[in-house]
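Participant: Provided herewith: start19.tsv, TSV, C-alpha atoms.
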```tsv
chain	number	residue	atom	x	y	z
A	164	MET	CA	91.71	-51.40	-37.39
A	165	PRO	CA	88.80	-53.79	-36.61
A	166	ILE	CA	88.73	-57.11	-38.43
A	167	LYS	CA	85.87	-57.45	-40.90
A	168	LEU	CA	84.42	-60.88	-41.40
A	169	SER	CA	84.34	-61.68	-45.10
A	170	ARG	CA	83.26	-64.70	-47.13
A	171	ARG	CA	85.77	-63.75	-49.78
A	172	ALA	CA	88.80	-64.10	-47.54
A	173	LEU	CA	91.06	-66.80	-49.01
A	174	GLY	CA	94.41	-68.44	-48.39
A	175	ALA	CA	96.40	-67.78	-45.26
A	176	GLY	CA	94.28	-64.79	-44.28
A	177	ALA	CA	91.08	-66.82	-44.26
A	178	ALA	CA	92.75	-69.70	-42.48
A	179	GLY	CA	94.06	-67.37	-39.80
A	180	LEU	CA	90.62	-65.90	-39.20
A	181	ALA	CA	89.07	-69.33	-39.05
A	182	LEU	CA	91.59	-70.43	-36.44
A	183	THR	CA	90.69	-67.47	-34.26
A	184	GLY	CA	87.01	-68.28	-34.59
A	185	LEU	CA	86.19	-65.00	-36.33
A	186	LEU	CA	85.27	-66.38	-39.72
A	187	PRO	CA	82.30	-68.80	-39.91
A	188	LYS	CA	83.56	-72.23	-40.90
A	189	ALA	CA	80.97	-72.46	-43.68
A	190	ALA	CA	82.88	-69.76	-45.58
A	191	LEU	CA	85.72	-72.10	-46.48
A	192	ALA	CA	85.90	-74.44	-49.50
A	193	GLN	CA	82.65	-73.31	-51.12
A	194	GLU	CA	81.99	-72.68	-54.78
A	195	MET	CA	81.10	-69.01	-55.19
A	196	HIS	CA	79.57	-66.80	-57.86
A	197	SER	CA	79.45	-63.04	-58.21
A	198	ILE	CA	76.32	-60.91	-57.89
A	199	THR	CA	75.59	-57.18	-57.83
A	200	THR	CA	73.18	-55.64	-55.31
A	201	SER	CA	72.73	-52.30	-53.55
A	202	LEU	CA	75.78	-53.31	-51.50
A	203	GLY	CA	77.99	-53.60	-54.58
A	204	SER	CA	79.47	-56.58	-56.42
A	205	TYR	CA	80.65	-59.56	-54.37
A	206	ASP	CA	80.59	-63.35	-54.16
A	207	ILE	CA	77.98	-65.58	-52.56
A	208	PRO	CA	77.87	-69.39	-52.26
A	209	VAL	CA	76.45	-71.22	-55.25
A	210	ASP	CA	74.87	-73.74	-52.89
A	211	PRO	CA	74.40	-72.08	-49.49
A	212	GLN	CA	73.89	-74.43	-46.55
A	213	ARG	CA	73.11	-72.12	-43.63
A	214	VAL	CA	70.88	-69.16	-44.43
A	215	ILE	CA	69.53	-66.55	-42.03
A	216	ALA	CA	66.49	-64.62	-43.26
A	217	VAL	CA	66.22	-61.55	-41.05
A	218	ASP	CA	62.73	-60.16	-41.62
A	219	SER	CA	60.16	-62.85	-40.81
A	220	ARG	CA	57.89	-61.50	-43.54
A	221	LEU	CA	59.82	-59.97	-46.45
A	222	ASP	CA	62.94	-62.16	-46.13
A	223	LEU	CA	61.83	-65.45	-44.60
A	224	GLU	CA	58.84	-66.17	-46.84
A	225	PRO	CA	60.67	-65.96	-50.18
A	226	ALA	CA	63.67	-67.80	-48.75
A	227	LEU	CA	61.47	-70.72	-47.73
A	228	ALA	CA	59.54	-70.63	-51.00
A	229	LEU	CA	62.80	-70.87	-52.94
A	230	GLY	CA	63.85	-73.91	-50.93
A	231	LEU	CA	66.84	-72.25	-49.27
A	232	PRO	CA	68.12	-74.00	-46.12
A	233	VAL	CA	67.03	-71.39	-43.59
A	234	ILE	CA	68.36	-71.88	-40.06
A	235	GLY	CA	67.29	-68.65	-38.36
A	236	HIS	CA	65.33	-65.41	-38.53
A	237	ALA	CA	64.68	-62.17	-36.65
A	238	TYR	CA	61.99	-59.48	-36.35
A	239	GLY	CA	58.97	-61.48	-35.14
A	240	ALA	CA	57.19	-64.81	-35.13
A	241	PRO	CA	56.12	-65.99	-38.59
A	242	GLU	CA	52.38	-66.19	-39.14
A	243	GLN	CA	50.67	-69.56	-38.79
A	244	TRP	CA	50.16	-69.95	-42.54
A	245	VAL	CA	53.93	-69.84	-43.23
A	246	PRO	CA	55.47	-73.36	-43.43
A	247	VAL	CA	58.30	-72.82	-40.97
A	248	PRO	CA	60.72	-75.74	-40.51
A	249	GLU	CA	61.23	-77.17	-37.04
A	250	GLY	CA	64.17	-75.87	-35.06
A	251	LEU	CA	64.35	-72.49	-36.74
A	252	ALA	CA	66.41	-70.22	-34.49
A	253	PHE	CA	65.25	-66.77	-33.42
A	254	VAL	CA	68.09	-64.23	-33.26
A	255	GLY	CA	66.09	-61.41	-31.71
A	256	GLU	CA	63.49	-58.89	-32.76
A	257	MET	CA	66.45	-56.73	-33.68
A	258	PRO	CA	69.06	-59.24	-34.89
A	259	ASP	CA	71.66	-59.92	-32.21
A	260	LEU	CA	74.93	-60.05	-34.14
A	261	GLU	CA	76.51	-62.42	-31.63
A	262	LYS	CA	73.63	-64.87	-32.07
A	263	VAL	CA	73.88	-64.53	-35.84
A	264	LEU	CA	77.61	-65.25	-35.77
A	265	THR	CA	77.10	-68.24	-33.47
A	266	LEU	CA	74.77	-69.81	-36.05
A	267	ASP	CA	77.66	-69.77	-38.56
A	268	PRO	CA	75.62	-68.62	-41.61
A	269	ASP	CA	77.07	-68.67	-45.08
A	270	LEU	CA	74.37	-66.36	-46.48
A	271	ILE	CA	72.09	-63.72	-44.95
A	272	ILE	CA	68.95	-62.24	-46.47
A	273	CYS	CA	68.06	-58.85	-44.99
A	274	THR	CA	65.65	-56.25	-46.33
A	275	ASP	CA	67.24	-52.98	-47.44
A	276	VAL	CA	65.23	-50.15	-45.86
A	277	GLY	CA	67.58	-47.45	-47.10
A	278	ASP	CA	69.55	-47.27	-43.85
A	279	PRO	CA	72.42	-49.79	-43.60
A	280	ASP	CA	72.74	-49.04	-39.88
A	281	SER	CA	69.08	-49.74	-39.09
A	282	ASP	CA	68.60	-51.59	-35.81
A	283	TYR	CA	66.08	-54.03	-37.31
A	284	TRP	CA	67.66	-54.45	-40.77
A	285	PRO	CA	71.40	-53.77	-40.22
A	286	ILE	CA	72.75	-54.81	-43.59
A	287	GLY	CA	75.88	-52.71	-43.05
A	288	ARG	CA	76.91	-54.80	-40.03
A	289	LEU	CA	75.55	-58.15	-41.15
A	290	LYS	CA	77.72	-58.12	-44.27
A	291	ASP	CA	80.77	-58.39	-42.02
A	292	ILE	CA	79.49	-61.81	-40.90
A	293	ALA	CA	78.37	-63.31	-44.23
A	294	PRO	CA	77.34	-62.15	-47.71
A	295	VAL	CA	74.03	-60.31	-47.56
A	296	LEU	CA	71.22	-60.34	-50.11
A	297	PRO	CA	69.37	-57.01	-49.60
A	298	PRO	CA	65.98	-56.92	-51.38
A	299	ASP	CA	64.47	-53.44	-51.38
A	300	TYR	CA	61.42	-53.21	-49.11
A	301	LYS	CA	59.70	-51.02	-51.72
A	302	TRP	CA	59.71	-53.81	-54.32
A	303	PRO	CA	56.45	-55.74	-54.81
A	304	TRP	CA	56.57	-59.21	-53.33
A	305	LYS	CA	56.84	-60.83	-56.75
A	306	ASP	CA	59.89	-58.74	-57.60
A	307	ILE	CA	61.55	-59.64	-54.29
A	308	LEU	CA	61.01	-63.35	-54.99
A	309	ALA	CA	62.27	-63.06	-58.57
A	310	ARG	CA	65.36	-61.06	-57.57
A	311	LEU	CA	66.28	-63.48	-54.80
A	312	GLY	CA	65.74	-66.32	-57.25
A	313	THR	CA	68.17	-64.74	-59.71
A	314	TRP	CA	70.78	-63.93	-57.07
A	315	THR	CA	70.72	-67.49	-55.73
A	316	GLY	CA	70.44	-69.24	-59.09
A	317	ARG	CA	66.92	-70.42	-58.33
A	318	ASP	CA	64.99	-68.74	-61.12
A	319	GLY	CA	63.15	-71.96	-61.85
A	320	ALA	CA	61.98	-72.28	-58.27
A	321	ALA	CA	60.78	-68.67	-58.33
A	322	ASP	CA	58.87	-69.34	-61.55
A	323	ASN	CA	57.19	-72.39	-59.98
A	324	VAL	CA	56.12	-70.39	-56.94
A	325	LEU	CA	54.68	-67.61	-59.08
A	326	ALA	CA	52.85	-70.17	-61.22
A	327	GLU	CA	51.21	-71.65	-58.11
A	328	TYR	CA	50.09	-68.19	-57.00
A	329	ASP	CA	48.84	-67.31	-60.48
A	330	ALA	CA	46.83	-70.55	-60.61
A	331	LEU	CA	45.11	-69.65	-57.33
A	332	ILE	CA	44.31	-66.14	-58.60
A	333	ALA	CA	42.96	-67.55	-61.86
A	334	ASP	CA	40.74	-70.00	-59.99
A	335	ILE	CA	39.29	-67.27	-57.77
A	336	LYS	CA	38.72	-64.97	-60.75
A	337	HIS	CA	36.87	-67.77	-62.53
A	338	ARG	CA	34.65	-68.77	-59.59
A	339	ARG	CA	33.98	-65.23	-58.34
A	340	ALA	CA	33.79	-63.47	-61.71
A	341	ASP	CA	30.34	-61.97	-61.10
A	342	GLN	CA	31.19	-60.68	-57.64
A	343	ILE	CA	34.57	-59.26	-58.70
A	344	ALA	CA	32.91	-57.43	-61.58
A	345	SER	CA	29.94	-56.05	-59.67
A	346	ARG	CA	30.90	-55.71	-56.00
A	347	SER	CA	33.16	-53.13	-54.40
A	348	ILE	CA	35.34	-54.11	-51.45
A	349	ALA	CA	37.77	-52.39	-49.11
A	350	VAL	CA	40.53	-53.62	-46.81
A	351	VAL	CA	40.95	-51.65	-43.58
A	352	GLN	CA	42.93	-51.95	-40.37
A	353	PRO	CA	41.40	-50.59	-37.13
A	354	TRP	CA	43.83	-48.50	-35.09
A	355	THR	CA	43.91	-48.06	-31.33
A	356	ASP	CA	42.62	-44.47	-31.46
A	357	GLY	CA	39.33	-45.44	-33.14
A	358	THR	CA	40.42	-44.47	-36.64
A	359	ILE	CA	40.89	-47.01	-39.42
A	360	TYR	CA	43.67	-47.27	-41.94
A	361	LEU	CA	42.65	-47.83	-45.54
A	362	GLN	CA	44.97	-50.44	-47.06
A	363	ALA	CA	45.38	-48.66	-50.40
A	364	ASP	CA	49.14	-48.09	-50.61
A	365	MET	CA	50.67	-50.47	-53.15
A	366	SER	CA	53.64	-51.03	-50.86
A	367	LEU	CA	51.24	-53.14	-48.77
A	368	LEU	CA	50.46	-56.70	-49.73
A	369	GLN	CA	46.65	-56.56	-49.74
A	370	PRO	CA	46.39	-53.97	-52.57
A	371	GLN	CA	48.85	-56.00	-54.65
A	372	VAL	CA	46.66	-59.09	-54.38
A	373	MET	CA	43.50	-57.07	-55.03
A	374	ALA	CA	45.08	-55.68	-58.19
A	375	ASP	CA	45.89	-59.21	-59.37
A	376	LEU	CA	42.25	-60.17	-58.87
A	377	GLY	CA	40.99	-57.05	-60.63
A	378	ALA	CA	39.01	-56.14	-57.53
A	379	LYS	CA	36.76	-53.10	-57.54
A	380	THR	CA	37.70	-50.93	-54.60
A	381	ILE	CA	37.77	-47.33	-53.42
A	382	PRO	CA	40.58	-44.89	-54.13
A	383	ALA	CA	43.21	-43.95	-51.62
A	384	VAL	CA	42.68	-40.89	-49.46
A	385	GLU	CA	45.28	-38.48	-48.13
A	386	GLY	CA	47.29	-40.33	-45.50
A	387	ASN	CA	44.79	-43.24	-45.80
A	388	VAL	CA	43.72	-42.64	-42.18
A	389	VAL	CA	39.94	-42.40	-41.84
A	390	SER	CA	38.42	-40.80	-38.75
A	391	PRO	CA	35.07	-42.13	-37.40
A	392	GLU	CA	33.12	-39.14	-38.71
A	393	LYS	CA	34.39	-39.97	-42.21
A	394	PHE	CA	33.56	-43.69	-42.13
A	395	GLY	CA	30.34	-43.17	-44.09
A	396	ASP	CA	31.91	-40.86	-46.66
A	397	ILE	CA	34.76	-43.25	-47.42
A	398	LEU	CA	33.24	-46.69	-46.85
A	399	GLY	CA	29.54	-46.07	-47.36
A	400	ALA	CA	29.48	-47.37	-50.92
A	401	VAL	CA	31.46	-50.59	-50.49
A	402	ASP	CA	29.68	-53.95	-50.51
A	403	GLY	CA	32.19	-55.84	-48.38
A	404	ILE	CA	35.02	-55.11	-45.94
A	405	LEU	CA	38.06	-57.21	-45.14
A	406	LEU	CA	39.54	-56.35	-41.74
A	407	VAL	CA	43.24	-56.58	-40.96
A	408	LEU	CA	43.40	-57.55	-37.29
A	409	HIS	CA	46.72	-57.78	-35.46
A	410	ALA	CA	44.96	-58.74	-32.22
A	411	GLU	CA	41.67	-60.30	-31.14
A	412	ASP	CA	40.33	-56.94	-29.95
A	413	GLY	CA	41.03	-55.22	-33.26
A	414	LEU	CA	37.42	-55.26	-34.41
A	415	ASP	CA	36.28	-53.80	-31.09
A	416	ARG	CA	38.23	-50.63	-31.87
A	417	ALA	CA	36.17	-49.94	-34.98
A	418	ALA	CA	32.91	-51.28	-33.56
A	419	SER	CA	33.18	-48.91	-30.62
A	420	GLN	CA	32.60	-45.98	-32.98
A	421	ALA	CA	28.96	-45.06	-33.45
A	422	THR	CA	29.42	-44.64	-37.21
A	423	TRP	CA	30.79	-48.16	-37.78
A	424	PRO	CA	27.53	-50.19	-37.46
A	425	ARG	CA	25.77	-47.69	-39.72
A	426	LEU	CA	27.92	-48.65	-42.70
A	427	PRO	CA	25.78	-50.66	-45.17
A	428	ALA	CA	28.39	-53.44	-45.45
A	429	VAL	CA	28.58	-53.75	-41.66
A	430	ALA	CA	24.79	-53.67	-41.20
A	431	ALA	CA	24.44	-56.39	-43.84
A	432	GLY	CA	27.06	-58.60	-42.14
A	433	LYS	CA	29.45	-58.42	-45.10
A	434	VAL	CA	32.58	-58.00	-42.99
A	435	LEU	CA	35.35	-60.59	-42.69
A	436	GLY	CA	38.12	-60.41	-40.13
A	437	ARG	CA	40.94	-62.81	-39.29
A	438	VAL	CA	43.77	-62.18	-36.84
A	439	GLY	CA	47.19	-62.02	-38.48
A	440	ASN	CA	49.66	-59.57	-39.98
A	441	THR	CA	49.04	-59.48	-43.70
A	442	ASN	CA	50.51	-56.05	-44.44
A	443	PHE	CA	53.86	-57.42	-45.61
A	444	GLY	CA	55.11	-60.83	-46.62
A	445	GLY	CA	55.76	-63.12	-49.54
A	446	VAL	CA	53.89	-65.76	-51.47
A	447	TYR	CA	52.44	-67.50	-48.41
A	448	THR	CA	50.84	-64.33	-47.09
A	449	ALA	CA	49.76	-63.28	-50.59
A	450	MET	CA	47.97	-66.61	-51.04
A	451	HIS	CA	46.43	-66.28	-47.57
A	452	ILE	CA	45.07	-62.85	-48.53
A	453	ALA	CA	43.74	-64.24	-51.81
A	454	ARG	CA	41.84	-66.95	-49.92
A	455	LEU	CA	40.41	-64.38	-47.51
A	456	LEU	CA	39.22	-62.28	-50.44
A	457	ASP	CA	37.75	-65.42	-52.00
A	458	GLU	CA	35.81	-65.99	-48.77
A	459	LEU	CA	34.65	-62.36	-48.68
A	460	TYR	CA	33.43	-62.54	-52.29
A	461	GLY	CA	31.54	-65.69	-51.33
A	462	MET	CA	29.70	-63.66	-48.71
A	463	LEU	CA	28.70	-61.20	-51.44
A	464	ALA	CA	27.25	-63.80	-53.82
```
How would this structure read if it were set down as structure tokens?
Facilitator:
Amino acid sequence: MPIKLSRRALGAGAAGLALTGLLPKAALAQEMHSITTSLGSYDIPVDPQRVIAVDSRLDLEPALALGLPVIGHAYGAPEQWVPVPEGLAFVGEMPDLEKVLTLDPDLIICTDVGDPDSDYWPIGRLKDIAPVLPPDYKWPWKDILARLGTWTGRDGAADNVLAEYDALIADIKHRRADQIASRSIAVVQPWTDGTIYLQADMSLLQPQVMADLGAKTIPAVEGNVVSPEKFGDILGAVDGILLVLHAEDGLDRAASQATWPRLPAVAAGKVLGRVGNTNFGGVYTAMHIARLLDELYGMLA
């Protein structure tokens, strides 16, 4: 039977595993408390010292915002607006379990995508290395932050983070009240085939921030994929467009379609685009989106 690495191993069993190098040293002599997640009920450190946040968006951002001592991450490079500490280790786009084990974590945060054997979010295998906190990817970013705050005993830190975000939203709503009330905006992502994706699904971060602002926008469409011949039908009435660009040439994909420059918002120059992945994330990306929307509303004044 294969040996499973467990933070709850105590006494001679834990000591034996530690001597063989199979159990991370950080597991020993820590104060623990019990939590319940989608993985069941188990113990995690009260004061973790070496945290790996697997997803660089959904896991890393709230971990940093809560002040957890993050030592490594996976998936992809964090965006430039995320305050990443120096020396943060990268354990692979798909987390390399050997690299994770070498970092000797005492806590792992890894998004639960509904498949514990997922290559990118392998909570079923990671829990054999250290206790795993598995926030559900379907939860809104605020709920992920709050749940991680509760699990780690950092409810106060979560409240402070949410208060900072709420203050930013309140400031934008105050300064841009007229534009928010009278102007319609849309957030779209150009795709490589010339279509655009309407960011209207509430699982994405942009619609969550727009809802907090009370933004006037257009309803979702089936599949939210808009072909060039439908650009006018779907986007013809909006006053401003925020582009989600994952690469510098993202705008070129939409602009190459003959129907794109005919949109009133495009013809009037009321389009804002910045390179960066804002589809998923935590408070840092949410605040970045809020500032982009603030800038777009300023263009509509």
Participant: In Å, rounded to a single decimal, give me how far CA of Arg220 in chain A is from CA of Arg454 in chain A.
Facilitator: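 Going from CA of Arg454 in chain A over to CA of Arg220 in chain A, I get 18.1 Å.
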Participant: Tell me, as a list in words, which residues lie within 6 Å of range 246-253 of chain A, counting only C-alpha atoms; anything in the same chain fewer than 6 positions away does not count.
Facilitator: Ile234, Gly235, His236 and Ala237 of chain A
Participant: Using only C-alpha atoms, which of the listed residues (A:Thr313, A:Thr358, A:Gln369, A:Asn387) sits closest to Ser419 in chain A?
Facilitator: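 Nearest to Ser419 in chain A: A:Thr358.
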Participant: Could you give me, as a JSON list (two decimals) with C-alpha atoms, in the frame of the given file, the residues that sit within 12 Å of (58.4, -68.4, -52.7) in the file's coordinates, counting all atoms listed in the file?
Facilitator:
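Once written, part_37.json looks like this:
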```
[["chain", "number", "residue", "atom", "x", "y", "z"],
["A", 220, "ARG", "CA", 57.89, -61.50, -43.54],
["A", 221, "LEU", "CA", 59.82, -59.97, -46.45],
["A", 222, "ASP", "CA", 62.94, -62.16, -46.13],
["A", 223, "LEU", "CA", 61.83, -65.45, -44.60],
["A", 224, "GLU", "CA", 58.84, -66.17, -46.84],
["A", 225, "PRO", "CA", 60.67, -65.96, -50.18],
["A", 226, "ALA", "CA", 63.67, -67.80, -48.75],
["A", 227, "LEU", "CA", 61.47, -70.72, -47.73],
["A", 228, "ALA", "CA", 59.54, -70.63, -51.00],
["A", 229, "LEU", "CA", 62.80, -70.87, -52.94],
["A", 230, "GLY", "CA", 63.85, -73.91, -50.93],
["A", 231, "LEU", "CA", 66.84, -72.25, -49.27],
["A", 245, "VAL", "CA", 53.93, -69.84, -43.23],
["A", 246, "PRO", "CA", 55.47, -73.36, -43.43],
["A", 304, "TRP", "CA", 56.57, -59.21, -53.33],
["A", 305, "LYS", "CA", 56.84, -60.83, -56.75],
["A", 306, "ASP", "CA", 59.89, -58.74, -57.60],
["A", 307, "ILE", "CA", 61.55, -59.64, -54.29],
["A", 308, "LEU", "CA", 61.01, -63.35, -54.99],
["A", 309, "ALA", "CA", 62.27, -63.06, -58.57],
["A", 310, "ARG", "CA", 65.36, -61.06, -57.57],
["A", 311, "LEU", "CA", 66.28, -63.48, -54.80],
["A", 312, "GLY", "CA", 65.74, -66.32, -57.25],
["A", 317, "ARG", "CA", 66.92, -70.42, -58.33],
["A", 318, "ASP", "CA", 64.99, -68.74, -61.12],
["A", 319, "GLY", "CA", 63.15, -71.96, -61.85],
["A", 320, "ALA", "CA", 61.98, -72.28, -58.27],
["A", 321, "ALA", "CA", 60.78, -68.67, -58.33],
["A", 322, "ASP", "CA", 58.87, -69.34, -61.55],
["A", 323, "ASN", "CA", 57.19, -72.39, -59.98],
["A", 324, "VAL", "CA", 56.12, -70.39, -56.94],
["A", 325, "LEU", "CA", 54.68, -67.61, -59.08],
["A", 326, "ALA", "CA", 52.85, -70.17, -61.22],
["A", 327, "GLU", "CA", 51.21, -71.65, -58.11],
["A", 328, "TYR", "CA", 50.09, -68.19, -57.00],
["A", 444, "GLY", "CA", 55.11, -60.83, -46.62],
["A", 445, "GLY", "CA", 55.76, -63.12, -49.54],
["A", 446, "VAL", "CA", 53.89, -65.76, -51.47],
["A", 447, "TYR", "CA", 52.44, -67.50, -48.41],
["A", 448, "THR", "CA", 50.84, -64.33, -47.09],
["A", 449, "ALA", "CA", 49.76, -63.28, -50.59],
["A", 450, "MET", "CA", 47.97, -66.61, -51.04]]
```
Participant: Which one of A:Thr265, A:Gln362, A:Ser201, A:Asn440 sits closest to Gly277 in chain A if you count only C-alpha atoms?
Facilitator: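 Under the stated criterion, the closest residue is A:Ser201.
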Participant: Which residue out of A:Leu376, A:Leu264, A:Trp314, A:Glu411 has the minimum interatomic distance to Leu331 in chain A when only C-alpha atoms are used?
Facilitator: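 Looking at the shortest contact to Leu331 in chain A, the residue is A:Leu376.
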Participant: Kindly give the distance, in Å, that separates CA of Leu260 in chain A and CA of Arg288 in chain A, rounded to a single decimal.
Facilitator: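 Going from CA of Leu260 in chain A over to CA of Arg288 in chain A covers 8.1 Å.
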Participant: Excluding Leu456 in chain A and residues on its chain fewer than 3 positions from it, collect all residues at most 10 Å away from it, counting only C-alpha atoms, and give them as a PyMOL selection string.
Facilitator: chain A and resi 335+339+343+348+350+369+372-373+376+378+403-405+435+450-453+459-462
Participant: Quick one, how far is CA of Val429 in chain A from CA of Ala349 in chain A?
Facilitator: 11.9 Å
Participant: Fewer than 5 positions away in the same chain doesn't count, so skip those; otherwise give me all residues within 9 Å of Gly436 in chain A, counting all atoms listed in the file, as a count of residues only.
Facilitator: 7
Participant: Find the residue from A:Ala417, A:Leu202, A:Val276, A:Leu463 that sits nearest to Tyr300 in chain A; use all atoms listed in the file when measuring.
Facilitator: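 For Tyr300 in chain A, the nearest of the candidates is A:Val276.
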Participant: Pick the closest to Val295 in chain A from A:Ile207, A:Val351, A:Ala344, A:Leu398: which is it, counting all atoms listed in the file?
Facilitator: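 Comparing A:Ile207, A:Val351, A:Ala344, A:Leu398 against Val295 in chain A, the winner is A:Ile207.
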Participant: How would you write as a VMD selection string the residues that get within 7 Å of (28.7, -48.1, -49.0) in the file's frame, counting all atoms listed in the file?
Facilitator: chain A and resid 398 to 402 426 to 428
Participant: Would you mind telling me which residue in A:Asp267, A:Asp206, A:Asp299, A:Glu256 lies nearest to Pro241 in chain A when using only C-alpha atoms?
Facilitator: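 Looking only at the distances to Pro241 in chain A, the closest residue turns out to be A:Glu256.
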